[in-house]
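A.B. asks: One file: input_38.txt (compact mmCIF, C-alpha atoms).
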```
# COMPACT_ATOMS: atom_id res chain seq x y z
CA MET A 1 85.20 137.73 100.42
CA ALA A 2 81.70 138.93 101.27
CA LEU A 3 80.21 136.81 98.50
CA MET A 4 81.82 133.63 99.81
CA THR A 5 79.99 131.63 102.41
CA ASP A 6 81.93 129.92 105.21
CA ARG A 7 81.04 126.58 103.71
CA LYS A 8 82.38 127.58 100.27
CA ARG A 9 85.66 128.64 101.85
CA VAL A 10 86.33 125.43 103.76
CA ILE A 11 84.72 122.68 101.71
CA GLY A 12 87.14 119.91 100.76
CA LEU A 13 90.03 121.54 102.59
CA GLY A 14 89.93 120.10 106.10
CA SER A 15 91.91 121.49 109.03
CA ALA A 16 95.26 120.97 107.26
CA LYS A 17 94.08 122.55 103.96
CA SER A 18 94.45 119.34 101.99
CA GLY A 19 91.28 117.57 103.05
CA THR A 20 91.32 113.86 103.60
CA ASP A 21 94.18 113.30 101.13
CA HIS A 22 96.69 112.18 103.80
CA PHE A 23 94.19 109.82 105.40
CA TRP A 24 93.14 108.37 102.05
CA LYS A 25 96.73 107.75 100.91
CA THR A 26 97.39 106.00 104.24
CA THR A 27 94.32 103.83 103.65
CA ILE A 28 95.31 102.90 100.08
CA THR A 29 98.86 101.95 101.10
CA ALA A 30 97.52 100.06 104.16
CA VAL A 31 95.29 97.87 101.99
CA ALA A 32 98.12 97.36 99.47
CA LEU A 33 100.47 96.35 102.30
CA LEU A 34 98.02 93.66 103.44
CA ILE A 35 98.87 91.87 100.18
CA ILE A 36 102.52 92.95 99.87
CA THR A 37 103.54 92.10 103.46
CA PRO A 38 102.87 88.32 103.23
CA MET A 39 104.46 88.28 99.74
CA PHE A 40 107.59 89.93 101.15
CA LEU A 41 107.73 87.98 104.45
CA PHE A 42 107.55 84.58 102.78
CA SER A 43 109.99 85.42 99.97
CA PHE A 44 112.52 87.41 102.05
CA GLY A 45 112.36 85.39 105.29
CA PRO A 46 113.73 82.13 103.88
CA LEU A 47 116.70 84.01 102.35
CA LEU A 48 118.05 85.13 105.74
CA GLY A 49 121.09 83.02 106.57
CA GLU A 50 121.29 81.49 103.08
CA PRO A 51 124.60 81.44 101.16
CA TYR A 52 125.51 84.53 99.10
CA ALA A 53 125.05 82.77 95.72
CA ASP A 54 121.59 81.47 96.64
CA VAL A 55 120.47 84.95 97.74
CA GLN A 56 121.73 86.47 94.48
CA ALA A 57 119.90 83.78 92.47
CA ALA A 58 116.64 84.19 94.43
CA LEU A 59 116.59 87.99 94.17
CA SER A 60 117.19 87.69 90.41
CA ARG A 61 113.82 85.95 90.03
CA PRO A 62 110.80 88.21 89.42
CA PHE A 63 108.58 87.28 92.38
CA PRO A 64 111.08 87.79 95.24
CA ALA A 65 112.50 90.91 93.56
CA VAL A 66 109.08 92.48 92.94
CA SER A 67 107.92 91.60 96.47
CA ALA A 68 110.95 93.33 97.95
CA ALA A 69 110.60 96.34 95.61
CA LEU A 70 106.90 96.80 96.42
CA MET A 71 107.63 96.44 100.15
CA LEU A 72 110.31 99.14 99.91
CA ILE A 73 108.16 101.57 97.87
CA VAL A 74 104.77 101.14 99.54
CA GLY A 75 106.14 100.34 103.00
CA PHE A 76 108.38 103.41 103.26
CA TYR A 77 105.68 105.63 101.76
CA HIS A 78 103.17 104.36 104.34
CA PHE A 79 105.79 104.92 107.06
CA ARG A 80 106.41 108.49 105.86
CA LEU A 81 102.68 109.25 106.07
CA GLY A 82 102.31 107.60 109.47
CA ILE A 83 105.35 109.17 111.09
CA GLN A 84 104.19 112.62 109.90
CA MET A 85 100.91 112.04 111.74
CA VAL A 86 102.81 111.02 114.90
CA ILE A 87 105.07 114.09 114.67
CA GLU A 88 102.09 116.40 114.17
CA ASP A 89 100.51 114.93 117.30
CA TYR A 90 103.47 115.51 119.60
CA MET A 91 105.56 118.39 118.23
CA GLN A 92 104.90 122.06 117.47
CA GLY A 93 106.37 124.90 115.44
CA LEU A 94 109.82 124.74 113.87
CA SER A 95 110.82 121.44 115.47
CA ARG A 96 107.69 119.87 113.95
CA LYS A 97 108.64 121.07 110.46
CA ILE A 98 112.25 119.92 110.86
CA ALA A 99 111.15 116.50 112.17
CA ILE A 100 108.76 115.98 109.25
CA ILE A 101 111.45 116.92 106.70
CA VAL A 102 114.09 114.73 108.39
CA MET A 103 111.76 111.73 108.52
CA ALA A 104 110.76 112.25 104.86
CA CYS A 105 114.46 112.28 103.90
CA ILE A 106 115.11 109.12 105.94
CA SER A 107 112.06 107.32 104.45
CA TYR A 108 112.79 108.17 100.82
CA GLY A 109 116.54 107.71 101.37
CA LEU A 110 116.15 104.18 102.74
CA MET A 111 113.67 103.42 99.95
CA ALA A 112 116.24 104.55 97.35
CA PHE A 113 119.13 102.62 98.95
CA GLY A 114 116.99 99.49 99.06
CA LEU A 115 115.74 99.81 95.48
CA VAL A 116 119.20 100.51 94.00
CA SER A 117 120.70 97.58 95.92
CA LEU A 118 117.87 95.37 94.71
CA ALA A 119 118.38 96.53 91.11
CA GLN A 120 122.12 95.78 91.32
CA ILE A 121 121.37 92.26 92.52
CA ALA A 122 118.40 91.55 90.26
CA LEU A 123 119.64 93.02 86.97
CA MET B 1 85.09 131.39 110.91
CA ALA B 2 86.71 134.47 112.44
CA ASP B 3 84.58 134.45 115.59
CA VAL B 4 85.22 130.87 116.56
CA ASN B 5 85.81 130.61 120.31
CA ARG B 6 89.39 129.37 120.48
CA GLY B 7 90.29 129.81 124.13
CA ASN B 8 87.42 128.63 126.25
CA ARG B 9 86.35 125.35 124.79
CA PRO B 10 85.99 122.27 127.01
CA LEU B 11 88.88 119.84 126.51
CA SER B 12 88.46 116.11 126.29
CA PRO B 13 90.26 114.18 129.05
CA HIS B 14 93.72 113.05 127.93
CA LEU B 15 95.86 109.98 128.67
CA GLN B 16 96.71 110.90 132.29
CA ILE B 17 93.02 111.16 133.17
CA TYR B 18 91.57 108.20 131.30
CA ARG B 19 91.53 104.80 133.00
CA PRO B 20 93.75 102.52 130.86
CA GLN B 21 91.63 100.28 128.64
CA LEU B 22 92.29 97.54 126.14
CA ASN B 23 91.25 99.95 123.41
CA SER B 24 93.79 102.64 124.32
CA ALA B 25 96.55 100.09 125.00
CA THR B 26 96.13 98.41 121.59
CA SER B 27 95.99 101.82 119.89
CA ILE B 28 99.20 103.02 121.59
CA LEU B 29 100.87 99.71 120.76
CA ASN B 30 99.83 100.17 117.12
CA ARG B 31 101.69 103.49 117.03
CA ILE B 32 104.74 102.07 118.82
CA THR B 33 104.99 99.06 116.48
CA GLY B 34 104.68 101.38 113.47
CA ILE B 35 107.62 103.47 114.66
CA ALA B 36 109.65 100.44 115.77
CA LEU B 37 109.30 98.86 112.33
CA LEU B 38 111.65 101.58 111.02
CA GLY B 39 114.40 99.71 112.91
CA GLY B 40 113.52 96.46 111.16
CA ALA B 41 113.36 98.26 107.81
CA VAL B 42 116.85 99.71 108.36
CA LEU B 43 118.20 96.20 109.02
CA VAL B 44 116.54 94.81 105.86
CA VAL B 45 117.87 97.66 103.69
CA TRP B 46 121.35 97.19 105.23
CA TRP B 47 121.14 93.47 104.38
CA LEU B 48 120.12 94.27 100.78
CA MET B 49 122.97 96.78 100.44
CA ALA B 50 125.39 94.16 101.74
CA ALA B 51 124.04 91.61 99.26
CA ALA B 52 124.69 94.12 96.47
CA THR B 53 128.19 94.98 97.70
CA SER B 54 130.33 91.85 98.17
CA GLU B 55 130.20 88.29 99.45
CA ALA B 56 132.39 89.05 102.47
CA TYR B 57 130.29 92.05 103.54
CA PHE B 58 127.08 90.08 102.95
CA ASN B 59 128.34 87.24 105.15
CA PHE B 60 129.12 89.76 107.91
CA VAL B 61 125.66 91.45 107.86
CA ASP B 62 123.82 88.17 107.29
CA GLY B 63 125.73 86.67 110.22
CA LEU B 64 124.68 89.57 112.47
CA MET B 65 121.02 89.19 111.47
CA THR B 66 120.98 85.43 112.05
CA CYS B 67 122.91 85.33 115.34
CA PHE B 68 120.87 84.91 118.54
CA VAL B 69 120.27 88.65 119.04
CA GLY B 70 119.50 89.03 115.34
CA ASP B 71 116.99 86.19 115.44
CA VAL B 72 115.27 87.71 118.50
CA LEU B 73 115.15 91.13 116.78
CA MET B 74 113.79 89.66 113.53
CA THR B 75 111.14 87.69 115.44
CA LEU B 76 110.08 90.86 117.28
CA CYS B 77 109.93 92.64 113.90
CA VAL B 78 107.62 89.93 112.52
CA LEU B 79 105.44 90.23 115.63
CA ALA B 80 105.34 94.04 115.27
CA LEU B 81 104.57 93.71 111.56
CA TRP B 82 101.64 91.32 112.09
CA TYR B 83 100.35 93.35 115.02
CA HIS B 84 100.46 96.58 112.99
CA ALA B 85 98.79 94.82 110.04
CA LEU B 86 95.92 93.43 112.14
CA ALA B 87 95.48 96.70 114.04
CA GLY B 88 95.35 98.38 110.62
CA VAL B 89 92.61 95.98 109.55
CA ARG B 90 90.69 96.95 112.69
CA HIS B 91 90.99 100.60 111.63
CA LEU B 92 89.71 99.72 108.14
CA VAL B 93 86.73 97.95 109.76
CA TRP B 94 86.10 100.99 111.99
CA ASP B 95 86.38 103.32 109.00
CA MET B 96 83.58 101.39 107.30
CA GLY B 97 81.43 102.02 110.37
CA TYR B 98 81.45 98.55 111.93
CA GLY B 99 82.57 97.35 115.35
CA LEU B 100 82.57 100.75 117.00
CA ASP B 101 80.74 99.80 120.22
CA PRO B 102 82.88 98.87 123.28
CA ASP B 103 82.09 95.13 123.15
CA ASP B 104 83.09 94.69 119.51
CA SER B 105 86.14 96.94 119.97
CA ASP B 106 87.30 94.77 122.88
CA LYS B 107 86.75 91.59 120.89
CA MET B 108 88.80 92.95 118.00
CA GLY B 109 91.43 94.15 120.50
CA TRP B 110 91.94 90.62 121.85
CA GLY B 111 91.70 89.38 118.26
CA ILE B 112 94.68 91.44 117.11
CA ILE B 113 96.77 90.51 120.20
CA ILE B 114 96.12 86.76 119.92
CA GLY B 115 96.08 86.87 116.11
CA SER B 116 99.45 88.61 115.82
CA VAL B 117 101.11 86.10 118.19
CA ALA B 118 99.54 83.20 116.28
CA LEU B 119 100.59 84.59 112.88
CA THR B 120 104.12 85.17 114.21
CA PHE B 121 104.41 81.51 115.27
CA LEU B 122 102.98 80.46 111.90
CA THR B 123 105.50 82.66 110.06
CA ILE B 124 108.47 81.31 112.05
CA ILE B 125 107.37 77.71 111.53
CA THR B 126 106.84 78.25 107.79
CA ILE B 127 110.13 80.12 107.28
```
Please re-express this file's structure in structure tokens.

C.D. replies:
Amino acid sequence: MALMTDRKRVIGLGSAKSGTDHFWKTTITAVALLIITPMFLFSFGPLLGEPYADVQAALSRPFPAVSAALMLIVGFYHFRLGIQMVIEDYMQGLSRKIAIIVMACISYGLMAFGLVSLAQIAL
Amino acid sequence: MADVNRGNRPLSPHLQIYRPQLNSATSILNRITGIALLGGAVLVVWWLMAAATSEAYFNFVDGLMTCFVGDVLMTLCVLALWYHALAGVRHLVWDMGYGLDPDDSDKMGWGIIIGSVALTFLTIITI
């Protein structure tokens, strides 16, 4: 303890003990979503209101299926990171922990439901 | 670290004290659109689940999402999505150290408001 300087003890840790990891992951997914979002919007949007058979055929092609899969994976991961930041801003103590866990379950749960549905259609 | 003064530090003025500005309004809206997009995401996942379940169930969910209320909701989702994307770009610009003075921040603020509306119209016309 006595041999450790204050700087040595805190360097790379940040206030939440994991440094800038959360921020950096948010940044990576944000940049990725700038490419994925238009891909998804313009492949998913036209399918709304189309007949069942056409939707099945479209989502069996690689580009629409991959766009939707990437949107589900990266989008929900980005949401999970963002909503944790919001919760940490407005909630304290046990309710904060519960809210973060619940939102993580919802994010990953919706991601899984979306991906499995997509796989059933595409494969 | 043990002797850090934790009780007596000056606090920065919070929302109730600050005069509302374009900068704070666009920032709050960025957070709200981010949270609201969960609603849109739920609808899209529900639609995908319906498409993987059966034709009858798909027609029911697809019908809900393309009725008048569904169309309004989907349009608002597109607007929220573009707004959040452009506001995110502004954060990436800020993170690189550019556009941090009030004038440039205000310009980018109007840019993301006008830009998101324009991109929403463009998206609706294209789709």

A.B. asks: What residues have an atom no more than 12 Å from (115.9, 103.1, 96.4) in the file's own frame, counting only C-alpha atoms, and can you write them as number ranges by chain?

C.D. replies: A: 68-74, 76-77, 105-120; B: 45-46, 48-49

A.B. asks: Record the distance separating atom CA of Met39 of chain A and atom CA of Trp110 of chain B, expressed in Å with one decimal.

C.D. replies: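 Straight-line distance from atom CA of Met39 of chain A to atom CA of Trp110 of chain B works out to 25.5 Å.
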
A.B. asks: Please compute the atom CA of Thr123 of chain B-atom CA of Glu55 of chain B distance, one decimal, in Å.

C.D. replies: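 Computing it gives 27.5 Å between the two atoms.
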
A.B. asks: Per residue of chain B within 10 Å of chain A, which atom pair is closest and at what distance in Å (one decimal), using only C-alpha atoms, listed by chain and increasing number, as a Markdown table?

C.D. replies:
```
| residue | atom | partner | partner_atom | distance |
| --- | --- | --- | --- | --- |
| B:Met1 | CA | A:Asp6 | CA | 6.7 |
| B:Ala2 | CA | A:Asp6 | CA | 9.8 |
| B:Arg31 | CA | A:Val86 | CA | 7.9 |
| B:Ile32 | CA | A:Val86 | CA | 10.0 |
| B:Gly34 | CA | A:Phe79 | CA | 7.4 |
| B:Ile35 | CA | A:Ile83 | CA | 7.1 |
| B:Leu37 | CA | A:Phe79 | CA | 8.8 |
| B:Leu38 | CA | A:Phe79 | CA | 7.8 |
| B:Ala41 | CA | A:Leu110 | CA | 8.3 |
| B:Val42 | CA | A:Leu110 | CA | 7.2 |
| B:Val44 | CA | A:Gly114 | CA | 8.3 |
| B:Val45 | CA | A:Gly114 | CA | 5.1 |
| B:Trp46 | CA | A:Gly114 | CA | 7.9 |
| B:Trp47 | CA | A:Leu48 | CA | 9.0 |
| B:Leu48 | CA | A:Ser117 | CA | 5.9 |
| B:Met49 | CA | A:Ser117 | CA | 5.1 |
| B:Ala50 | CA | A:Ser117 | CA | 8.2 |
| B:Ala51 | CA | A:Tyr52 | CA | 7.2 |
| B:Ala52 | CA | A:Ser117 | CA | 5.3 |
| B:Thr53 | CA | A:Ser117 | CA | 8.1 |
| B:Ser54 | CA | A:Tyr52 | CA | 8.8 |
| B:Glu55 | CA | A:Tyr52 | CA | 6.0 |
| B:Ala56 | CA | A:Tyr52 | CA | 8.9 |
| B:Tyr57 | CA | A:Tyr52 | CA | 10.0 |
| B:Phe58 | CA | A:Tyr52 | CA | 6.9 |
| B:Asn59 | CA | A:Tyr52 | CA | 7.2 |
| B:Val61 | CA | A:Gly49 | CA | 9.7 |
| B:Asp62 | CA | A:Gly49 | CA | 5.9 |
| B:Gly63 | CA | A:Gly49 | CA | 6.9 |
| B:Leu64 | CA | A:Gly49 | CA | 9.5 |
| B:Met65 | CA | A:Leu48 | CA | 7.6 |
| B:Thr66 | CA | A:Gly49 | CA | 6.0 |
| B:Cys67 | CA | A:Gly49 | CA | 9.2 |
| B:Asp71 | CA | A:Leu48 | CA | 9.8 |
| B:Met74 | CA | A:Gly45 | CA | 9.4 |
| B:Val78 | CA | A:Leu41 | CA | 8.3 |
| B:Leu81 | CA | A:Thr37 | CA | 8.3 |
| B:Trp82 | CA | A:Thr37 | CA | 8.9 |
| B:His84 | CA | A:Ala30 | CA | 9.9 |
| B:Ala85 | CA | A:Leu34 | CA | 6.7 |
| B:Leu86 | CA | A:Leu34 | CA | 9.0 |
| B:Gly88 | CA | A:Ala30 | CA | 7.0 |
| B:Val89 | CA | A:Val31 | CA | 8.2 |
| B:His91 | CA | A:Thr27 | CA | 9.2 |
| B:Leu92 | CA | A:Thr27 | CA | 7.6 |
| B:Asp95 | CA | A:Thr27 | CA | 9.6 |
| B:Thr123 | CA | A:Phe42 | CA | 7.8 |
| B:Ile124 | CA | A:Gly45 | CA | 8.8 |
| B:Thr126 | CA | A:Phe42 | CA | 8.1 |
| B:Ile127 | CA | A:Pro46 | CA | 5.3 |
```

A.B. asks: Can you work out the spacing between atom CA of Arg80 of chain A and atom CA of Ala118 of chain B in Å, to one decimal?

C.D. replies: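 Spanning atom CA of Arg80 of chain A to atom CA of Ala118 of chain B is a straight-line distance of 28.2 Å.
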